[in-house]
file input-v5.txt (compact mmCIF, C-alpha atoms)
# COMPACT_ATOMS: atom_id res chain seq x y z
CA MET M 1 0.00 0.00 0.00
CA PRO M 2 1.44 3.45 -0.85
CA ARG M 3 2.68 5.57 2.00
CA ARG M 4 0.03 7.85 3.42
CA ARG M 5 0.57 11.55 3.03
CA SER M 6 2.06 13.17 6.08
CA TYR M 7 2.46 16.69 7.36
CA ASP M 8 6.02 15.69 8.27
CA GLN M 9 5.90 17.80 11.39
CA TYR M 10 7.24 16.62 14.76
CA CYS M 11 4.04 17.61 16.55
CA ALA M 12 1.46 15.44 18.31
CA ALA M 13 -1.47 17.23 16.62
CA ALA M 14 0.13 16.78 13.19
CA ARG M 15 0.74 13.08 13.88
CA ALA M 16 -2.91 12.67 14.91
CA LEU M 17 -4.07 14.39 11.73
CA ASP M 18 -1.78 12.15 9.70
CA ALA M 19 -3.93 9.26 10.96
CA VAL M 20 -7.44 10.73 11.11
CA GLY M 21 -7.37 14.01 9.22
CA ASP M 22 -8.48 12.65 5.85
CA ARG M 23 -12.05 13.12 4.60
CA TRP M 24 -14.47 10.46 5.94
CA THR M 25 -12.07 8.92 8.47
CA LEU M 26 -13.65 10.37 11.62
CA LEU M 27 -17.15 9.71 10.29
CA ILE M 28 -16.19 6.05 9.81
CA VAL M 29 -15.01 6.08 13.43
CA ARG M 30 -18.38 7.60 14.44
CA GLU M 31 -20.17 4.68 12.81
CA LEU M 32 -17.89 2.02 14.32
CA LEU M 33 -18.16 3.49 17.81
CA ALA M 34 -21.71 2.10 17.71
CA GLY M 35 -20.29 -1.42 17.28
CA PRO M 36 -18.94 -3.72 14.56
CA ARG M 37 -20.41 -3.04 11.12
CA ARG M 38 -20.44 -4.81 7.77
CA TYR M 39 -19.08 -2.90 4.79
CA THR M 40 -22.59 -2.60 3.29
CA ASP M 41 -23.95 -1.16 6.56
CA LEU M 42 -21.14 1.38 6.72
CA HIS M 43 -21.77 2.41 3.13
CA ALA M 44 -25.50 2.80 3.78
CA ASP M 45 -24.93 5.06 6.82
CA LEU M 46 -22.28 7.22 5.14
CA PRO M 47 -24.32 8.83 2.35
CA GLY M 48 -22.08 10.47 -0.23
CA VAL M 49 -19.02 8.26 0.17
CA SER M 50 -18.04 6.25 -2.90
CA THR M 51 -17.33 2.54 -2.58
CA ASP M 52 -13.71 3.10 -3.65
CA MET M 53 -13.23 5.87 -1.11
CA LEU M 54 -14.74 3.81 1.73
CA ALA M 55 -12.67 0.74 0.88
CA GLY M 56 -9.52 2.85 0.67
CA ARG M 57 -10.15 4.62 3.96
CA LEU M 58 -10.84 1.32 5.74
CA LYS M 59 -7.54 -0.11 4.44
CA GLU M 60 -5.68 2.99 5.60
CA MET M 61 -7.35 2.79 9.01
CA GLU M 62 -6.38 -0.87 9.33
CA GLY M 63 -2.81 0.08 8.48
CA ALA M 64 -2.88 2.81 11.12
CA GLY M 65 -4.10 0.36 13.78
CA LEU M 66 -7.49 2.02 14.18
CA VAL M 67 -9.68 -0.72 12.68
CA THR M 68 -9.63 -4.49 12.39
CA ARG M 69 -11.58 -6.75 10.04
CA ARG M 70 -12.84 -10.15 11.15
CA ARG M 71 -15.10 -12.86 9.82
CA LEU M 72 -18.25 -13.69 11.77
CA PRO M 73 -18.83 -17.40 12.44
CA PRO M 74 -21.44 -19.39 10.48
CA PRO M 75 -24.27 -19.16 9.69
CA VAL M 76 -23.64 -15.41 9.20
CA ALA M 77 -20.34 -15.85 7.33
CA ALA M 78 -19.83 -12.11 6.81
CA HIS M 79 -16.91 -9.80 7.51
CA VAL M 80 -17.26 -6.91 9.92
CA TYR M 81 -15.08 -3.94 10.73
CA GLU M 82 -14.54 -2.86 14.32
CA LEU M 83 -12.42 -0.35 16.16
CA THR M 84 -9.26 -1.29 17.99
CA ASP M 85 -8.64 0.16 21.45
CA ARG M 86 -6.74 2.98 19.76
CA GLY M 87 -9.66 3.65 17.46
CA SER M 88 -12.17 3.58 20.34
CA ALA M 89 -10.02 6.12 22.16
CA LEU M 90 -11.19 8.70 19.59
CA LEU M 91 -14.60 8.99 21.30
CA PRO M 92 -13.53 12.05 23.38
CA VAL M 93 -12.26 13.67 20.17
CA LEU M 94 -15.62 13.18 18.46
CA ARG M 95 -17.45 14.40 21.56
CA ALA M 96 -15.38 17.59 21.51
CA LEU M 97 -15.99 18.06 17.78
CA ALA M 98 -19.73 17.50 18.23
CA GLU M 99 -19.84 20.03 21.08
CA TRP M 100 -17.93 22.54 18.98
CA GLY M 101 -20.12 21.93 15.93
CA ALA M 102 -23.51 21.83 17.68
CA PRO M 103 -24.12 25.62 17.50
CA ALA M 104 -23.73 25.42 13.70
CA LEU M 105 -26.68 23.03 13.35
CA ASP M 106 -29.71 24.91 12.12
CA GLU M 107 -32.67 23.28 10.41
CA PRO M 108 -31.61 20.36 8.19
CA ARG M 109 -30.87 21.46 4.64
CA PRO M 110 -32.81 19.78 1.81
CA THR M 111 -29.65 17.93 0.83
CA ASP M 112 -28.82 16.73 4.38
CA ALA M 113 -29.05 13.03 5.18
CA VAL M 114 -30.20 12.26 8.74
CA ARG M 115 -29.68 9.18 10.87
CA ALA M 116 -30.98 8.96 14.43
CA HIS M 117 -27.76 7.51 15.88
CA TRP M 118 -25.78 10.52 14.65
CA PHE M 119 -27.28 12.33 17.65
CA ALA M 120 -25.90 9.82 20.15
CA ILE M 121 -22.53 11.56 20.56
CA PRO M 122 -24.01 15.06 21.03
CA LEU M 123 -26.41 13.68 23.67
CA LEU M 124 -23.87 11.63 25.63
CA SER M 125 -23.30 14.32 28.27
CA ALA M 126 -27.02 14.92 28.86
CA LEU M 127 -27.71 11.19 29.21
CA GLN M 128 -24.55 10.44 31.19
CA ASP M 129 -25.82 12.69 33.98
CA ARG M 130 -28.64 10.18 34.60
CA GLY M 131 -26.20 7.66 36.05
CA ALA M 132 -25.33 4.08 35.11
CA GLY M 133 -27.59 2.06 32.84
CA VAL M 134 -28.99 1.93 29.33
CA VAL M 135 -31.21 4.66 27.91
CA GLN M 136 -33.04 4.05 24.65
CA VAL M 137 -33.67 7.19 22.62
CA THR M 138 -36.34 7.27 19.94
CA LEU M 139 -36.61 9.99 17.31
CA ASP M 140 -38.90 10.06 14.29
CA GLU M 141 -35.82 8.88 12.35
CA GLY M 142 -35.43 5.76 14.52
CA PRO M 143 -33.98 4.52 17.83
CA PHE M 144 -30.49 4.37 19.31
CA HIS M 145 -29.23 3.67 22.83
CA VAL M 146 -26.61 4.92 25.25
CA ARG M 147 -24.98 2.74 27.91
CA THR M 148 -23.28 4.36 30.91
CA GLY M 149 -21.13 2.32 33.30
CA GLU M 150 -20.60 2.65 37.03
CA ASP M 151 -17.10 3.92 36.21
CA ALA M 152 -18.63 6.77 34.14
CA SER M 153 -17.65 5.04 30.89
CA VAL M 154 -20.10 5.60 28.07
CA GLU M 155 -20.87 3.92 24.76
CA TYR M 156 -23.70 3.96 22.27
CA GLY M 157 -25.29 1.75 19.68
CA ASP M 158 -27.69 1.98 16.77
CA GLY M 159 -31.18 0.55 17.18
CA PRO M 160 -33.24 -0.43 20.25
CA ALA M 161 -31.72 -1.91 23.42
CA GLU M 162 -32.84 -4.71 25.71
CA GLY M 163 -32.95 -3.96 29.41
CA ALA M 164 -33.12 -0.19 29.02
CA VAL M 165 -33.61 1.58 32.37
CA ALA M 166 -35.33 4.47 30.59
CA HIS M 167 -36.90 5.30 27.24
CA LEU M 168 -36.52 8.86 25.94
CA ARG M 169 -38.73 10.12 23.12
CA THR M 170 -37.90 13.46 21.54
CA ASP M 171 -37.23 15.17 18.21
CA LEU M 172 -34.34 16.61 16.20
CA ALA M 173 -34.94 20.21 17.26
CA THR M 174 -34.78 19.23 20.94
CA CYS M 175 -31.68 17.11 20.30
CA ARG M 176 -30.01 20.15 18.72
CA ALA M 177 -30.90 22.30 21.74
CA LEU M 178 -29.64 19.67 24.19
CA ALA M 179 -26.41 19.22 22.24
CA ALA M 180 -25.78 22.97 22.08
CA GLY M 181 -26.39 23.33 25.84
CA GLU M 182 -29.39 25.58 25.25
CA LEU M 183 -31.68 23.17 27.10
CA THR M 184 -31.34 20.57 29.84
CA LEU M 185 -33.09 17.23 29.64
CA ALA M 186 -35.18 18.12 32.71
CA ASP M 187 -36.27 21.39 31.10
CA ALA M 188 -37.12 19.57 27.87
CA VAL M 189 -39.39 17.19 29.79
CA VAL M 190 -41.11 20.04 31.66
CA ALA M 191 -41.64 21.89 28.37
CA GLY M 192 -43.19 18.82 26.79
CA ARG M 193 -40.40 18.57 24.23
CA ALA M 194 -39.24 15.20 25.55
CA ALA M 195 -40.84 12.28 27.39
CA VAL M 196 -38.95 9.87 29.62
CA ASP M 197 -40.48 6.54 30.61
CA GLU M 198 -38.75 4.57 33.32
CA PRO M 199 -40.06 0.99 33.64
CA SER M 200 -41.13 -0.03 37.11
CA PRO M 201 -38.66 -2.34 38.88
call {"tool": "encode", "arguments": {"input": "input-v5.txt", "output": "structure tokens"}}
result
Amino acid sequence: MPRRRSYDQYCAAARALDAVGDRWTLLIVRELLAGPRRYTDLHADLPGVSTDMLAGRLKEMEGAGLVTRRRLPPPVAAHVYELTDRGSALLPVLRALAEWGAPALDEPRPTDAVRAHWFAIPLLSALQDRGAGVVQVTLDEGPFHVRTGEDASVEYGDGPAEGAVAHLRTDLATCRALAAGELTLADAVVAGRAAVDEPSP
């Protein structure tokens, strides 16, 4: 494989950008933070990326030690991509980028694709404050879930979750306000912009 382009600067930020600064790389990480994904699933949730570009980025990310590829056992017999520990360590980077970018989110443009789980990272802080457990979030665009550990670790996944301690129903506009820090989850519930159901023990 040809050598990746480098800034050739002896700087930690430059070295990081050598690995993740190319177009699509961090968005691939965003998708894989939700768990192992097949190539076709990645392509479906990265609208606008060409098959050649996605395949090339995945190879580069494998070479950089961010991603591994493994074959699922029968009867599935499919390959999936998943993050290494080094790749998973990019979650705080994406959280910081999402926090920085949240004020720039206005109404979706006509050309914007939308996936529900893309709001998981911006909502991590709001949901992490609820304590340990799994919260399932449902938007009109679909469900995703956030799992917080006793050690304050946090992860998310696409789709519904079994054993959720709470179910949150809200909309994109409220998600934007929560992500931008303009609204707390408690205030959203009081205002009727969000509903939280907590199953009885």
call {"tool": "closest_residue", "arguments": {"input": "input-v5.txt", "among": "M:Met61, M:Leu42, M:Ile121, M:Leu33", "to": "Val80 of chain M", "atoms": "only C-alpha atoms"}}
result
M:Leu42
call {"tool": "residues_near_point", "arguments": {"input": "input-v5.txt", "point": "(-7.7, -1.1, 4.4)", "cutoff": "12 Å", "atoms": "only C-alpha atoms", "output": "MDAnalysis selection string"}}
result
chainID M and resid 1:2 4 25 39 52:69 81
call {"tool": "atom_distance", "arguments": {"input": "input-v5.txt", "atom1": "atom CA of Val134 of chain M", "atom2": "atom CA of Gly192 of chain M"}}
result
22.2 Å
call {"tool": "closest_residue", "arguments": {"input": "input-v5.txt", "among": "M:Gln136, M:Pro36, M:Thr51, M:Glu150", "to": "Arg70 of chain M", "atoms": "all atoms listed in the file"}}
result
M:Pro36
call {"tool": "closest_residue", "arguments": {"input": "input-v5.txt", "among": "M:Glu141, M:Asp8, M:Ala14, M:Leu94", "to": "Ile28 of chain M", "atoms": "all atoms listed in the file"}}
result
M:Leu94
